[in-house]
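Trainee: Attaching a single structure in structure tokens format; questions to follow.
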Amino acid sequence: MAEVNIPKRSEVPEAFRWDLSDIFSSDADWLAEYEQLKTMPETVARYEGRLGENARTLLEFLRLEDELSVRLGKLLGYASCSGDQDTGSSFYQDMRGKAMSVYVTVSSAAAFATPEIIAIPEDRLRAFYAELPELETYRRSMYQIRRRAGHILSPAEETLLAAARKNVQARCADLPQLGEAETEKL
């Protein structure tokens, strides 16, 4: 059988690698976004206990969640793809770990949201929609959250569950990289 020479990932021509510059133009830009996102749990926490206050507060929080979802998705996507390009690189595996950590930290900080949204009385929520038509964008999401009321934990339990996710996801994420990194050494 003919021997096939498989190049190291670092030797693969640029034309055959993922172009991640649409997500972040450099690792330094990724790191700057990571540092900014590390401060977001405090911003999210300012809404705790306030989602049923008024329509404006609820809308601000839902928009913040949307923004964080996009930003965290980019952070995780870039880190994950960078790590997949070279599974033996500790730099990119560390980047992936940092991204997952900030995701879990932000998710844990927002764990109060589902129980609070469920606790808003239906007539009050209808008044919010009437008062602030921009909330209509979130009507289906609110319905999806509220219909699961019987299956939602308390805010403290939701926070604990979100924090536990970090350990499970970190362990699961390491398994494929270990195998790929080891085979590259052969």
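Starting from 1 in every chain, residues are counted up; chains themselves are A, B, ... following the order of the structure tokens, and ligands are numbered from 1 as listed.
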Dump as a tab-separated table the rows for residues of range 74-159 of chain A within 7 Å of range 40-54 of chain A: closest atom pair and distance in Å with one decimal, only C-alpha atoms counted, ordered by chain and rising residue number.

Mentor:
```
residue	atom	partner	partner_atom	distance
A:Thr105	CA	A:Pro41	CA	6.7
A:Val106	CA	A:Pro41	CA	5.0
A:Ala109	CA	A:Pro41	CA	5.3
A:Ala110	CA	A:Val44	CA	6.2
A:Phe112	CA	A:Glu48	CA	6.4
A:Glu116	CA	A:Leu51	CA	6.4
A:Ile117	CA	A:Leu51	CA	6.8
A:Ile120	CA	A:Gly52	CA	5.5
A:Phe128	CA	A:Asn54	CA	6.9
```

Trainee: Among the residues of range 83-120 of chain A, find those DSSP assigns to alpha helix (DSSP H) from the backbone and print them as a count of residues only.

Mentor: 30

Trainee: Using only C-alpha atoms, find the one residue out of A:Leu64, A:Leu59, A:Leu76, A:Val70 that sits nearest to Tyr34 in chain A.

Mentor: A:Leu76

Trainee: Taking only C-alpha atoms into account, produce a table as a tab-separated table in which each residue of range 43-79 of chain A with an atom at most 8 Å from an atom of range 131-144 of chain A appears once, together with its shortest atom pair and the distance in Å to one decimal, ordered by chain and rising number.

Mentor:
```
residue	atom	partner	partner_atom	distance
A:Ala55	CA	A:Leu132	CA	6.3
A:Arg56	CA	A:Leu132	CA	7.3
A:Leu59	CA	A:Leu135	CA	6.1
A:Leu62	CA	A:Tyr138	CA	7.8
```

Trainee: Enter the distance from CA of Arg148 in chain A to CA of Glu67 in chain A, in Å, rounded to one decimal.

Mentor: 23.9 Å

Trainee: Find the distance between CA of Ala163 in chain A and CA of Leu68 in chain A and write it in Å to one decimal.

Mentor: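 One can read the CA of Ala163 in chain A to CA of Leu68 in chain A distance as 17.5 Å.
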